[in-house]
$ cat input04.cif   # mmCIF, C-alpha atoms
data_run
loop_
_atom_site.label_atom_id
_atom_site.label_comp_id
_atom_site.auth_asym_id
_atom_site.auth_seq_id
_atom_site.Cartn_x
_atom_site.Cartn_y
_atom_site.Cartn_z
CA MET A 1 0.00 0.00 0.00
CA GLY A 2 1.38 3.39 -1.02
CA ILE A 3 1.10 6.47 1.18
CA TYR A 4 -1.79 7.82 -0.91
CA GLU A 5 -3.76 4.60 -0.44
CA GLU A 6 -2.97 4.77 3.28
CA LEU A 7 -4.37 8.31 3.50
CA ARG A 8 -7.52 7.05 1.82
CA ALA A 9 -7.74 4.06 4.14
CA ARG A 10 -7.37 6.31 7.18
CA GLY A 11 -10.33 8.40 5.98
CA LEU A 12 -8.30 11.57 5.59
CA ILE A 13 -9.01 12.70 2.04
CA ALA A 14 -12.18 14.57 1.14
CA GLN A 15 -11.67 16.11 -2.34
CA VAL A 16 -8.82 16.12 -4.83
CA THR A 17 -7.88 17.44 -8.23
CA ASN A 18 -5.75 15.32 -10.60
CA GLU A 19 -6.11 12.22 -8.42
CA ASP A 20 -4.08 9.87 -10.61
CA GLU A 21 -1.23 12.35 -10.83
CA ILE A 22 -1.36 13.06 -7.10
CA ARG A 23 -1.31 9.34 -6.27
CA GLU A 24 1.70 8.73 -8.49
CA MET A 25 3.60 11.73 -7.16
CA VAL A 26 3.14 11.22 -3.42
CA ASN A 27 3.68 7.46 -3.64
CA ALA A 28 6.98 8.15 -5.41
CA GLY A 29 7.99 10.71 -2.77
CA LYS A 30 8.20 13.51 -5.36
CA ALA A 31 5.65 15.97 -3.98
CA THR A 32 6.61 19.33 -2.53
CA PHE A 33 3.47 20.38 -0.71
CA TYR A 34 2.37 23.09 1.67
CA ILE A 35 -0.17 23.57 4.44
CA GLY A 36 -0.90 27.04 5.80
CA PHE A 37 -1.29 28.00 9.46
CA ASP A 38 -2.63 31.45 10.33
CA CYS A 39 -1.15 32.76 13.59
CA THR A 40 -4.31 33.76 15.45
CA ALA A 41 -3.04 32.49 18.83
CA ASP A 42 0.28 31.76 20.52
CA SER A 43 -0.20 27.99 20.37
CA LEU A 44 -1.43 25.39 17.94
CA THR A 45 -4.47 23.42 19.08
CA ALA A 46 -5.68 19.84 18.89
CA GLY A 47 -7.61 21.00 15.84
CA HIS A 48 -4.29 21.27 13.94
CA PHE A 49 -3.50 17.59 14.56
CA MET A 50 -4.78 16.33 11.24
CA ALA A 51 -2.53 18.70 9.32
CA LEU A 52 0.54 18.06 11.49
CA THR A 53 0.28 14.28 11.35
CA LEU A 54 -0.37 14.41 7.60
CA MET A 55 2.85 16.37 7.07
CA LYS A 56 4.72 13.83 9.16
CA ARG A 57 3.28 10.88 7.21
CA LEU A 58 4.10 12.40 3.83
CA GLN A 59 7.61 13.38 4.91
CA GLN A 60 8.28 9.83 6.10
CA ALA A 61 7.26 8.70 2.60
CA GLY A 62 9.94 10.93 1.05
CA ASN A 63 7.84 14.00 0.19
CA ARG A 64 8.90 17.52 1.15
CA PRO A 65 6.59 19.60 3.38
CA ILE A 66 6.39 23.38 3.51
CA ALA A 67 4.87 24.66 6.75
CA LEU A 68 3.56 28.06 5.73
CA ILE A 69 3.15 30.46 8.61
CA GLY A 70 0.47 33.02 7.77
CA GLY A 71 2.20 36.14 9.03
CA GLY A 72 0.59 38.08 6.16
CA THR A 73 -2.82 36.43 5.78
CA THR A 74 -3.42 36.62 9.54
CA MET A 75 -3.52 40.39 9.12
CA ILE A 76 -6.61 39.96 6.91
CA GLY A 77 -8.40 37.04 8.55
CA ASP A 78 -10.04 34.01 6.92
CA PRO A 79 -13.86 34.30 6.88
CA SER A 80 -14.30 30.52 6.48
CA GLY A 81 -16.39 29.00 9.25
CA ARG A 82 -16.89 32.29 11.07
CA SER A 83 -19.96 34.39 11.76
CA ASP A 84 -18.04 37.60 12.36
CA MET A 85 -14.69 39.22 11.64
CA ARG A 86 -11.61 38.11 13.55
CA ARG A 87 -10.01 40.40 16.08
CA MET A 88 -7.26 42.40 14.40
CA LEU A 89 -3.81 41.48 15.69
CA THR A 90 -0.72 43.66 15.70
CA LYS A 91 2.35 42.68 13.70
CA GLU A 92 4.18 42.08 16.99
CA ASP A 93 1.45 39.68 18.15
CA ILE A 94 1.55 37.80 14.86
CA ASP A 95 5.37 37.52 14.89
CA HIS A 96 5.26 36.17 18.45
CA ASN A 97 2.57 33.62 17.56
CA ALA A 98 4.52 32.53 14.48
CA GLU A 99 7.60 31.79 16.59
CA CYS A 100 5.47 29.74 19.02
CA PHE A 101 4.08 27.73 16.09
CA ARG A 102 7.60 27.05 14.83
CA ARG A 103 8.72 25.50 18.13
CA GLN A 104 5.67 23.24 18.28
CA MET A 105 5.88 22.11 14.65
CA GLU A 106 9.46 20.96 15.14
CA LYS A 107 8.11 18.10 17.25
CA PHE A 108 6.31 16.70 14.21
CA ILE A 109 8.33 17.73 11.17
CA GLU A 110 12.07 17.50 10.45
CA PHE A 111 13.32 20.83 9.14
CA GLY A 112 16.63 21.52 7.47
CA PRO A 113 18.46 21.53 4.11
CA GLY A 114 16.73 19.13 1.74
CA LYS A 115 14.06 18.43 4.35
CA ALA A 116 10.97 20.38 5.40
CA MET A 117 10.87 24.16 5.02
CA MET A 118 9.15 26.71 7.23
CA LEU A 119 8.19 29.90 5.43
CA ASN A 120 6.22 33.00 6.38
CA ASN A 121 3.93 34.55 3.77
CA ALA A 122 4.55 37.97 5.30
CA ASP A 123 7.91 37.81 3.49
CA TRP A 124 6.17 38.31 0.13
CA LEU A 125 2.63 39.53 0.88
CA MET A 126 3.76 42.52 2.95
CA ASP A 127 5.87 43.85 0.06
CA LEU A 128 3.16 43.64 -2.60
CA ASN A 129 2.10 46.84 -4.31
CA TYR A 130 -1.69 46.85 -4.46
CA ILE A 131 -2.01 48.24 -7.99
CA GLU A 132 0.65 45.87 -9.31
CA LEU A 133 -1.08 42.94 -7.60
CA LEU A 134 -4.41 43.84 -9.17
CA ARG A 135 -2.83 44.08 -12.59
CA GLU A 136 -0.97 40.79 -12.15
CA VAL A 137 -3.71 38.54 -10.74
CA GLY A 138 -6.95 40.53 -10.51
CA ALA A 139 -8.22 39.46 -13.92
CA CYS A 140 -7.84 35.81 -12.91
CA PHE A 141 -10.62 36.02 -10.31
CA SER A 142 -14.34 36.19 -11.08
CA VAL A 143 -16.29 38.09 -8.43
CA ASN A 144 -19.37 36.04 -9.33
CA ASN A 145 -17.48 32.80 -8.65
CA MET A 146 -16.01 34.16 -5.43
CA LEU A 147 -19.46 35.09 -4.10
CA ARG A 148 -20.68 31.57 -4.84
CA ALA A 149 -17.89 30.12 -2.69
CA GLU A 150 -19.21 28.59 0.53
CA CYS A 151 -16.70 30.49 2.66
CA TYR A 152 -18.24 33.78 1.47
CA LYS A 153 -21.89 32.77 1.09
CA GLN A 154 -22.25 31.94 4.78
CA ARG A 155 -21.15 35.45 5.71
CA MET A 156 -23.20 37.48 3.24
CA GLU A 157 -26.24 37.89 5.49
CA LYS A 158 -24.29 39.11 8.51
CA GLY A 159 -21.85 41.12 6.47
CA LEU A 160 -18.58 40.38 4.73
CA SER A 161 -15.92 43.08 4.90
CA PHE A 162 -13.87 43.97 1.84
CA LEU A 163 -10.81 43.19 3.96
CA GLU A 164 -11.88 39.55 4.32
CA PHE A 165 -13.03 39.41 0.69
CA ASN A 166 -9.36 39.69 -0.27
CA TYR A 167 -8.41 36.58 1.70
CA MET A 168 -8.99 34.20 -1.22
CA ILE A 169 -6.72 36.28 -3.43
CA MET A 170 -3.96 36.32 -0.79
CA GLN A 171 -4.20 32.57 -0.19
CA SER A 172 -4.21 31.90 -3.93
CA TYR A 173 -1.16 34.13 -4.36
CA ASP A 174 0.65 32.05 -1.74
CA PHE A 175 0.37 28.91 -3.87
CA TYR A 176 1.35 30.87 -6.99
CA HIS A 177 4.46 32.25 -5.24
CA LEU A 178 5.43 28.89 -3.72
CA TYR A 179 5.01 27.16 -7.07
CA LYS A 180 7.26 29.63 -8.88
CA THR A 181 9.87 30.09 -6.15
CA TYR A 182 10.12 26.70 -4.41
CA GLY A 183 8.66 24.23 -6.90
CA CYS A 184 5.71 23.57 -4.61
CA ASN A 185 3.28 21.52 -6.68
CA MET A 186 0.64 20.52 -4.15
CA GLN A 187 -1.46 22.09 -1.40
CA PHE A 188 -3.38 20.46 1.44
CA GLY A 189 -6.03 22.01 3.67
CA GLY A 190 -9.38 21.52 5.36
CA ASP A 191 -12.39 20.76 3.22
CA ASP A 192 -13.88 24.13 4.15
CA GLN A 193 -10.93 25.69 2.27
CA TRP A 194 -11.81 24.05 -1.08
CA SER A 195 -12.85 27.28 -2.82
CA ASN A 196 -9.81 29.23 -1.60
CA MET A 197 -7.48 26.43 -2.61
CA LEU A 198 -8.97 26.01 -6.06
CA GLY A 199 -8.35 29.72 -6.53
CA GLY A 200 -4.62 29.10 -6.17
CA THR A 201 -4.64 26.13 -8.54
CA GLU A 202 -6.53 28.12 -11.17
CA LEU A 203 -4.26 31.16 -10.75
CA ILE A 204 -1.18 29.05 -11.47
CA ARG A 205 -2.72 27.55 -14.57
CA ARG A 206 -3.94 30.88 -15.93
CA LYS A 207 -0.61 32.60 -15.34
CA LEU A 208 1.76 29.78 -16.20
CA GLY A 209 -0.18 27.71 -18.69
CA ALA A 210 -2.28 24.58 -18.77
CA ASP A 211 0.78 22.37 -18.35
CA ALA A 212 1.52 23.74 -14.88
CA HIS A 213 1.17 20.76 -12.54
CA ALA A 214 -0.51 22.38 -9.53
CA MET A 215 -2.71 20.07 -7.48
CA THR A 216 -5.10 20.44 -4.58
CA ILE A 217 -6.14 17.98 -1.87
CA THR A 218 -8.53 18.75 0.97
CA LEU A 219 -8.80 16.80 4.19
CA LEU A 220 -11.94 15.96 6.10
CA THR A 221 -12.83 18.90 8.32
CA ASP A 222 -13.82 18.81 11.97
CA SER A 223 -17.50 19.11 11.04
CA GLN A 224 -17.26 15.88 9.04
CA GLY A 225 -15.09 13.94 11.45
CA HIS A 226 -14.43 14.38 15.17
CA LYS A 227 -14.89 17.94 16.42
CA MET A 228 -11.30 18.28 17.51
CA GLY A 229 -9.70 21.10 19.36
CA LYS A 230 -12.41 22.42 21.65
CA THR A 231 -13.98 21.20 24.85
CA ALA A 232 -16.35 23.04 27.15
CA GLY A 233 -15.87 26.14 25.03
CA ASN A 234 -12.11 26.24 25.51
CA ALA A 235 -9.39 25.35 23.05
CA VAL A 236 -7.26 22.28 23.72
CA TRP A 237 -3.77 23.68 23.21
CA LEU A 238 -0.54 21.92 22.35
CA ASP A 239 1.36 24.27 24.68
CA PRO A 240 1.66 22.49 28.07
CA ASN A 241 1.43 25.85 29.85
CA LYS A 242 -2.05 26.36 28.37
CA THR A 243 -3.32 22.76 28.45
CA SER A 244 -1.41 20.45 30.79
CA PRO A 245 -0.38 17.00 29.53
CA PHE A 246 -2.89 15.51 32.00
CA ASP A 247 -5.77 17.62 30.67
CA PHE A 248 -4.64 16.92 27.11
CA TYR A 249 -4.68 13.19 27.82
CA GLN A 250 -8.08 13.45 29.51
CA TYR A 251 -9.57 15.31 26.55
CA TRP A 252 -8.75 12.44 24.19
CA ARG A 253 -9.60 9.83 26.83
CA ASN A 254 -13.14 11.23 26.90
CA VAL A 255 -13.98 11.32 23.20
CA GLY A 256 -17.30 9.68 22.32
CA ASP A 257 -17.60 5.98 21.56
CA ALA A 258 -18.61 6.76 17.97
CA ASP A 259 -15.46 8.88 17.41
CA VAL A 260 -12.64 6.99 19.10
CA LEU A 261 -11.73 4.55 16.28
CA LYS A 262 -12.12 7.30 13.69
CA CYS A 263 -9.63 9.41 15.65
CA ILE A 264 -7.21 6.51 16.07
CA ARG A 265 -7.33 5.85 12.33
CA MET A 266 -6.87 9.50 11.33
CA LEU A 267 -4.45 10.79 13.95
CA THR A 268 -2.21 8.04 15.29
CA PHE A 269 0.62 6.19 13.60
CA LEU A 270 -0.57 2.75 14.68
CA PRO A 271 -0.57 0.19 11.83
CA LEU A 272 -3.84 -0.06 9.93
CA GLU A 273 -3.91 -3.81 10.58
CA GLN A 274 -3.95 -3.18 14.33
CA ILE A 275 -6.68 -0.55 13.97
CA ASP A 276 -8.76 -2.88 11.79
CA GLU A 277 -8.75 -5.38 14.66
CA MET A 278 -9.99 -2.64 17.00
CA ASP A 279 -13.00 -2.09 14.74
CA LYS A 280 -14.43 -5.25 16.31
CA TRP A 281 -14.18 -3.86 19.85
CA GLU A 282 -17.36 -3.11 21.75
CA GLY A 283 -18.51 -2.05 25.19
CA SER A 284 -15.71 -1.84 27.75
CA GLU A 285 -13.13 -2.52 25.05
CA LEU A 286 -13.83 0.97 23.68
CA ASN A 287 -12.47 2.40 26.94
CA ARG A 288 -9.20 0.63 26.18
CA ALA A 289 -9.28 2.17 22.69
CA LYS A 290 -9.73 5.62 24.25
CA GLU A 291 -6.72 5.05 26.49
CA ILE A 292 -4.65 4.05 23.46
CA LEU A 293 -5.77 7.18 21.57
CA ALA A 294 -5.03 9.47 24.53
CA TYR A 295 -1.62 7.92 25.17
CA GLU A 296 -0.48 7.96 21.53
CA LEU A 297 -1.44 11.59 20.96
CA THR A 298 -0.03 12.78 24.29
CA LYS A 299 3.24 11.02 23.42
CA LEU A 300 3.32 12.77 20.03
CA VAL A 301 2.92 16.22 21.56
CA HIS A 302 4.54 15.99 24.98
CA GLY A 303 6.86 13.01 24.77
CA GLU A 304 6.75 9.49 26.17
CA GLU A 305 7.64 10.49 29.74
CA GLU A 306 4.76 12.97 30.03
CA ALA A 307 2.40 10.50 28.36
CA ASP A 308 3.34 7.86 30.95
CA LYS A 309 2.75 10.35 33.77
CA ALA A 310 -0.62 11.45 32.38
CA GLN A 311 -1.76 7.88 31.96
CA ALA A 312 -0.65 6.94 35.47
CA ALA A 313 -2.38 10.01 36.88
CA ALA A 314 -5.61 9.16 35.08
CA LYS A 315 -5.52 5.56 36.32
CA SER A 316 -4.87 6.82 39.85
CA VAL A 317 -7.84 9.17 39.77
CA PHE A 318 -10.28 6.82 38.07
CA GLY A 319 -9.04 3.92 40.14
CA GLY A 320 -10.31 5.66 43.26
CA ALA A 321 -7.04 6.85 44.76
CA GLY A 322 -8.30 10.41 44.44
CA THR A 323 -4.92 12.08 44.25
CA SER A 324 -1.96 12.09 41.91
CA GLU A 325 1.29 13.94 41.66
CA ASP A 326 0.90 14.44 37.93
CA MET A 327 -2.54 16.04 37.56
CA PRO A 328 -2.86 19.84 37.16
CA THR A 329 -1.98 21.46 40.48
CA THR A 330 -2.45 24.85 42.09
CA GLU A 331 -0.16 25.75 44.98
CA LEU A 332 -1.91 27.88 47.58
CA SER A 333 -0.09 30.20 49.99
CA ASN A 334 -0.89 31.03 53.59
CA GLU A 335 -2.26 34.37 52.40
CA ASP A 336 -5.05 32.52 50.59
CA PHE A 337 -6.46 31.37 53.94
CA THR A 338 -8.53 33.32 56.44
CA ASP A 339 -8.37 32.00 59.99
CA GLY A 340 -6.84 28.82 58.56
CA LYS A 341 -9.67 28.19 56.08
CA ILE A 342 -10.40 28.75 52.40
CA GLY A 343 -13.76 28.61 50.62
CA VAL A 344 -14.33 25.93 48.00
CA LEU A 345 -15.54 28.63 45.57
CA ASP A 346 -12.26 30.51 45.99
CA MET A 347 -10.35 27.29 45.34
CA MET A 348 -12.26 26.71 42.12
CA ILE A 349 -11.49 30.20 40.86
CA LYS A 350 -7.80 29.97 41.77
CA GLY A 351 -7.52 26.61 39.98
CA GLY A 352 -9.27 27.87 36.86
CA LEU A 353 -12.28 25.57 37.32
CA ALA A 354 -14.65 28.55 37.15
CA PRO A 355 -14.18 32.15 36.00
CA SER A 356 -16.30 33.71 38.77
CA ARG A 357 -17.88 32.97 42.14
CA ARG A 358 -21.32 33.02 40.53
CA GLU A 359 -20.41 30.28 38.05
CA ALA A 360 -18.57 28.31 40.71
CA ARG A 361 -21.64 28.49 42.97
CA THR A 362 -23.88 27.31 40.12
CA LEU A 363 -21.68 24.27 39.58
CA VAL A 364 -21.88 23.38 43.27
CA VAL A 365 -25.66 23.88 43.45
CA GLN A 366 -26.11 21.66 40.39
CA GLY A 367 -24.16 18.88 42.13
CA GLY A 368 -21.24 18.97 39.73
CA VAL A 369 -18.39 19.43 42.25
CA LEU A 370 -16.68 16.78 44.38
CA LEU A 371 -13.91 17.38 46.92
CA ASP A 372 -11.74 14.34 47.61
CA GLY A 373 -14.52 12.13 46.22
CA GLU A 374 -17.34 13.66 48.27
CA LYS A 375 -20.02 15.83 46.70
CA VAL A 376 -19.88 19.46 47.82
CA ALA A 377 -23.41 20.13 49.09
CA ASP A 378 -22.83 23.64 50.48
CA ALA A 379 -21.45 26.41 48.27
CA ASN A 380 -20.22 28.16 51.43
CA MET A 381 -18.08 25.18 52.43
CA GLN A 382 -14.69 26.06 53.97
CA VAL A 383 -11.66 23.77 53.87
CA GLU A 384 -9.18 23.89 56.74
CA ILE A 385 -5.49 24.23 55.96
CA GLU A 386 -4.70 20.97 57.77
CA HIS A 387 -6.58 19.03 55.09
CA PHE A 388 -3.97 20.00 52.50
CA ALA A 389 -1.15 17.91 53.98
CA ASP A 390 -1.43 15.33 51.18
CA GLY A 391 -3.18 17.61 48.73
CA VAL A 392 -6.88 18.12 48.05
CA VAL A 393 -8.55 17.18 44.74
CA ILE A 394 -11.59 18.89 43.31
CA LYS A 395 -13.48 17.13 40.54
CA LYS A 396 -15.67 19.26 38.27
CA GLY A 397 -18.22 17.36 36.24
CA LYS A 398 -17.20 13.98 34.87
CA LYS A 399 -13.85 14.83 33.35
CA THR A 400 -11.95 17.62 35.11
CA TYR A 401 -9.68 17.06 38.11
CA HIS A 402 -7.52 19.61 39.88
CA LYS A 403 -5.18 19.19 42.81
CA TYR A 404 -4.45 21.82 45.47
CA THR A 405 -1.43 21.96 47.77
CA VAL A 406 -0.08 24.52 50.24
CA LYS A 407 3.46 25.91 50.19
#
$ encode --input "input04.cif" --output "C-alpha cells"
Amino acid sequence: MGIYEELRARGLIAQVTNEDEIREMVNAGKATFYIGFDCTADSLTAGHFMALTLMKRLQQAGNRPIALIGGGTTMIGDPSGRSDMRRMLTKEDIDHNAECFRRQMEKFIEFGPGKAMMLNNADWLMDLNYIELLREVGACFSVNNMLRAECYKQRMEKGLSFLEFNYMIMQSYDFYHLYKTYGCNMQFGGDDQWSNMLGGTELIRRKLGADAHAMTITLLTDSQGHKMGKTAGNAVWLDPNKTSPFDFYQYWRNVGDADVLKCIRMLTFLPLEQIDEMDKWEGSELNRAKEILAYELTKLVHGEEEADKAQAAAKSVFGGAGTSEDMPTTELSNEDFTDGKIGVLDMMIKGGLAPSRREARTLVVQGGVLLDGEKVADANMQVEIEHFADGVVIKKGKKTYHKYTVK
C-alpha cells in the first residue's frame, strides 16, 4: 500500500484534483506540498492535529513539506467557518505567535536543508504593491465565482468586509508564489478551504499555462469527522502551559464511543492492521481504545515520559485513589487562607475551574463538584489548611480534576 492509499484508508481525504497524478507523485515521494497555518493564537491546538500528522506521514514517505506560517494572511483574517470578523492582531502579536508555532511544529516535522521548510507569507505579501497585484492577478478572479464560494456565502447575510473578501486572493497568491519560487506543486487544507485552494490552482494555470502541474487535496474537516480542538468552550492547546499533559490526555480519553476509532485511524501512527482489529471492539473494550488514543497523541505532543505520567495520573484518579502527583496542580499560599480556612468557591477560581464565584456556585448547586470524592453540598463550604497535607482534589463534572497543595 502506497502512502496515498494509506491516507484514503485512514479516511483523511475529502476532495482532490488530478487524483491519478497526485497518487503517483506522493507514492513516489516527489511531492513538494504546503499547508498554511494562520497565527491567530500563541499555540497550535488539537484542531491542527490532522494537518501536522499528515505532514509527518508524507515526509516519512519521502515527500517535502512546507509549513507556511500566515504572518501576512493573519492580518486579513479568513472568513471561512466564522460568523463575524476576527479580532485584528498587531504585527508584533503575529510575529510572536509565528515563533510559538515554529517551536511546536518541530516536534512533528524534520526541518533543514533538503528536508521540510518553514516559510512566512509575510515575506512576500507585505511587500506587494496593491495596484501591481491587481494588474498581475486581478483578472484571474471572477467576483461572481467568489461570491458563490461557501466560505463567502455563509457570511453574506451578517456582512462580509472587503478586507476579508481579499483573503482568497492572498491565499491563492501564496500557492502561486510557492510554485514559482520553491517548486511547490501541491497544497493540502481543510475541506472548508476548497474554494480558496482552487483559486490558487486556477491562478497558477492561468498565469503559467495549462501544463503547470498544480494540485489540490482537501482533508476531512472537523464538522465531518471528530470535532477536535475544543472542549467546554475552551481550546485544547498543544502548549503544556495552556493545556497540561494531563488535561490533554483526559480530553482524548473522553472522546465519544462513535469517534474513538475514527480518531485513532486519522491521527495516530498505529498500523492499519492493528486498527482494523480494534474495529471489532465493543462495550468496555472501547475504553481501552480511548486510552490508546489518549496515550499515543499525548506522546506525540509531549513526549513518552509525560504520556506515561498522564496515563498513570488518570488511572490513579479513576481507580479511586483520588490524588496524583501528575494532575494539574495549584499551589496555595498562607495568604489565601482566612483563619486557617479557604472557601471551595475561591479554590475553584484559583484553579481555573470557574471564571467567577457566581459560576462556581452554580456548579456546586447543580451537584457537579466533588472534593476528595465527596459531593460538595454547600457552596459556602470552607476547607481547613490541615486538610492540604497530602493535597486536596476537586473534581468538576465527569472529566476535570484539579489538585491543590499549600506551600
$ closest_residue --input "input04.cif" --among "A:Gly70, A:Gly343, A:Gly368, A:Pro65" --to "A:Ala122" --atoms "all atoms listed in the file"
A:Gly70
$ closest_residue --input "input04.cif" --among "A:Glu24, A:Asn129, A:Met327, A:Arg10" --to "A:Thr243" --atoms "all atoms listed in the file"
A:Met327
$ residues_around --input "input04.cif" --residues "stretch 296-310 of chain A" --least-positions-apart "3" --cutoff "6 Å" --atoms "all atoms listed in the file" --output "PyMOL selection string"
chain A and resi 246+249+293+313
$ residues_around --input "input04.cif" --residues "A:Glu21" --least-positions-apart "6" --cutoff "12 Å" --atoms "only C-alpha atoms" --output "list in words"
Tyr4, Asn27, Ala28, Lys30, Ala31, Asn185, Met186, His213, Ala214, Met215, Thr216 and Ile217 of chain A
$ residues_around --input "input04.cif" --residues "stretch 194-203 of chain A" --least-positions-apart "6" --cutoff "10 Å" --atoms "only C-alpha atoms" --output "VMD selection string"
chain A and resid 14 to 17 78 80 137 to 142 145 to 146 148 to 152 167 to 177 179 185 to 188 209 to 210 212 to 219
$ atom_distance --input "input04.cif" --atom1 "atom CA of A:Asp127" --atom2 "atom CA of A:Arg205"
23.5 Å
$ closest_atom_pairs --input "input04.cif" --of "stretch 100-172 of chain A" --to "stretch 48-63 of chain A" --cutoff "12 Å" --atoms "all atoms listed in the file" --output "CSV"
residue,atom,partner,partner_atom,distance
A:Phe101,CA,A:His48,CA,10.8
A:Arg102,CA,A:Leu52,CA,11.9
A:Gln104,CA,A:Leu52,CA,10.0
A:Met105,CA,A:Leu52,CA,7.4
A:Glu106,CA,A:Leu52,CA,10.1
A:Lys107,CA,A:Leu52,CA,9.5
A:Phe108,CA,A:Lys56,CA,6.0
A:Ile109,CA,A:Lys56,CA,5.7
A:Glu110,CA,A:Gln59,CA,8.2
A:Phe111,CA,A:Gln59,CA,10.3
A:Gly114,CA,A:Asn63,CA,10.4
A:Lys115,CA,A:Gln59,CA,8.2
A:Ala116,CA,A:Gln59,CA,7.8
A:Met117,CA,A:Gln59,CA,11.3
$ resolve_selection --input "input04.cif" --expression "the PyMOL selection byres ((chain A and resi 341) around 6)" --output "MDAnalysis selection string"
chainID A and resid 337:340 342 382:385
$ residues_around --input "input04.cif" --residues "A:Glu99" --least-positions-apart "3" --cutoff "10 Å" --atoms "all atoms listed in the file" --output "PDB file with C-alpha atoms, keeping the file's coordinate frame"
ATOM      1  CA  CYS A  39      -1.150  32.760  13.590  1.00  0.00           C
ATOM      2  CA  ASP A  42       0.280  31.760  20.520  1.00  0.00           C
ATOM      3  CA  SER A  43      -0.200  27.990  20.370  1.00  0.00           C
ATOM      4  CA  ILE A  69       3.150  30.460   8.610  1.00  0.00           C
ATOM      5  CA  ILE A  94       1.550  37.800  14.860  1.00  0.00           C
ATOM      6  CA  ASP A  95       5.370  37.520  14.890  1.00  0.00           C
ATOM      7  CA  HIS A  96       5.260  36.170  18.450  1.00  0.00           C
ATOM      8  CA  ARG A 102       7.600  27.050  14.830  1.00  0.00           C
ATOM      9  CA  ARG A 103       8.720  25.500  18.130  1.00  0.00           C
ATOM     10  CA  GLN A 104       5.670  23.240  18.280  1.00  0.00           C
TER      11      GLN A 104
END
$ atom_distance --input "input04.cif" --atom1 "atom CA of A:Val393" --atom2 "atom CA of A:Met381"
14.6 Å
$ residues_around --input "input04.cif" --residues "A:Lys403" --least-positions-apart "2" --cutoff "8 Å" --atoms "only C-alpha atoms" --output "VMD selection string"
chain A and resid 323 to 324 327 to 330 391 to 394 401 405
$ build_atoms --input "input04.cif" --residues "stretch 353-369 of chain A" --atoms "N, CA and C atoms" --output "PDB file, in the frame of the given file"
ATOM      1  N   LEU A 353     -11.115  26.423  37.557  1.00  0.00           N
ATOM      2  CA  LEU A 353     -12.280  25.570  37.320  1.00  0.00           C
ATOM      3  C   LEU A 353     -13.546  26.370  37.086  1.00  0.00           C
ATOM      4  N   ALA A 354     -13.516  27.647  37.403  1.00  0.00           N
ATOM      5  CA  ALA A 354     -14.650  28.550  37.150  1.00  0.00           C
ATOM      6  C   ALA A 354     -14.110  29.968  37.050  1.00  0.00           C
ATOM      7  N   PRO A 355     -14.682  30.796  36.167  1.00  0.00           N
ATOM      8  CA  PRO A 355     -14.180  32.150  36.000  1.00  0.00           C
ATOM      9  C   PRO A 355     -14.684  33.144  37.047  1.00  0.00           C
ATOM     10  N   SER A 356     -15.734  32.774  37.795  1.00  0.00           N
ATOM     11  CA  SER A 356     -16.300  33.710  38.770  1.00  0.00           C
ATOM     12  C   SER A 356     -16.959  32.929  39.902  1.00  0.00           C
ATOM     13  N   ARG A 357     -17.213  33.610  41.009  1.00  0.00           N
ATOM     14  CA  ARG A 357     -17.880  32.970  42.140  1.00  0.00           C
ATOM     15  C   ARG A 357     -19.296  32.535  41.751  1.00  0.00           C
ATOM     16  N   ARG A 358     -19.954  33.357  40.924  1.00  0.00           N
ATOM     17  CA  ARG A 358     -21.320  33.020  40.530  1.00  0.00           C
ATOM     18  C   ARG A 358     -21.349  31.694  39.770  1.00  0.00           C
ATOM     19  N   GLU A 359     -20.436  31.525  38.812  1.00  0.00           N
ATOM     20  CA  GLU A 359     -20.410  30.280  38.050  1.00  0.00           C
ATOM     21  C   GLU A 359     -19.943  29.108  38.896  1.00  0.00           C
ATOM     22  N   ALA A 360     -19.011  29.370  39.809  1.00  0.00           N
ATOM     23  CA  ALA A 360     -18.570  28.310  40.710  1.00  0.00           C
ATOM     24  C   ALA A 360     -19.728  27.865  41.610  1.00  0.00           C
ATOM     25  N   ARG A 361     -20.489  28.816  42.115  1.00  0.00           N
ATOM     26  CA  ARG A 361     -21.640  28.490  42.970  1.00  0.00           C
ATOM     27  C   ARG A 361     -22.667  27.669  42.194  1.00  0.00           C
ATOM     28  N   THR A 362     -22.914  28.047  40.940  1.00  0.00           N
ATOM     29  CA  THR A 362     -23.880  27.310  40.120  1.00  0.00           C
ATOM     30  C   THR A 362     -23.466  25.864  39.954  1.00  0.00           C
ATOM     31  N   LEU A 363     -22.176  25.643  39.721  1.00  0.00           N
ATOM     32  CA  LEU A 363     -21.680  24.270  39.580  1.00  0.00           C
ATOM     33  C   LEU A 363     -21.910  23.460  40.845  1.00  0.00           C
ATOM     34  N   VAL A 364     -21.673  24.078  41.995  1.00  0.00           N
ATOM     35  CA  VAL A 364     -21.880  23.380  43.270  1.00  0.00           C
ATOM     36  C   VAL A 364     -23.358  23.074  43.470  1.00  0.00           C
ATOM     37  N   VAL A 365     -24.215  24.055  43.250  1.00  0.00           N
ATOM     38  CA  VAL A 365     -25.660  23.880  43.450  1.00  0.00           C
ATOM     39  C   VAL A 365     -26.206  22.781  42.544  1.00  0.00           C
ATOM     40  N   GLN A 366     -25.658  22.683  41.342  1.00  0.00           N
ATOM     41  CA  GLN A 366     -26.110  21.660  40.390  1.00  0.00           C
ATOM     42  C   GLN A 366     -25.531  20.280  40.688  1.00  0.00           C
ATOM     43  N   GLY A 367     -24.707  20.175  41.729  1.00  0.00           N
ATOM     44  CA  GLY A 367     -24.160  18.880  42.130  1.00  0.00           C
ATOM     45  C   GLY A 367     -22.988  18.414  41.302  1.00  0.00           C
ATOM     46  N   GLY A 368     -22.320  19.353  40.635  1.00  0.00           N
ATOM     47  CA  GLY A 368     -21.240  18.970  39.730  1.00  0.00           C
ATOM     48  C   GLY A 368     -19.854  19.090  40.309  1.00  0.00           C
ATOM     49  N   VAL A 369     -19.714  19.244  41.640  1.00  0.00           N
ATOM     50  CA  VAL A 369     -18.390  19.430  42.250  1.00  0.00           C
ATOM     51  C   VAL A 369     -18.186  18.421  43.377  1.00  0.00           C
TER      52      VAL A 369
END
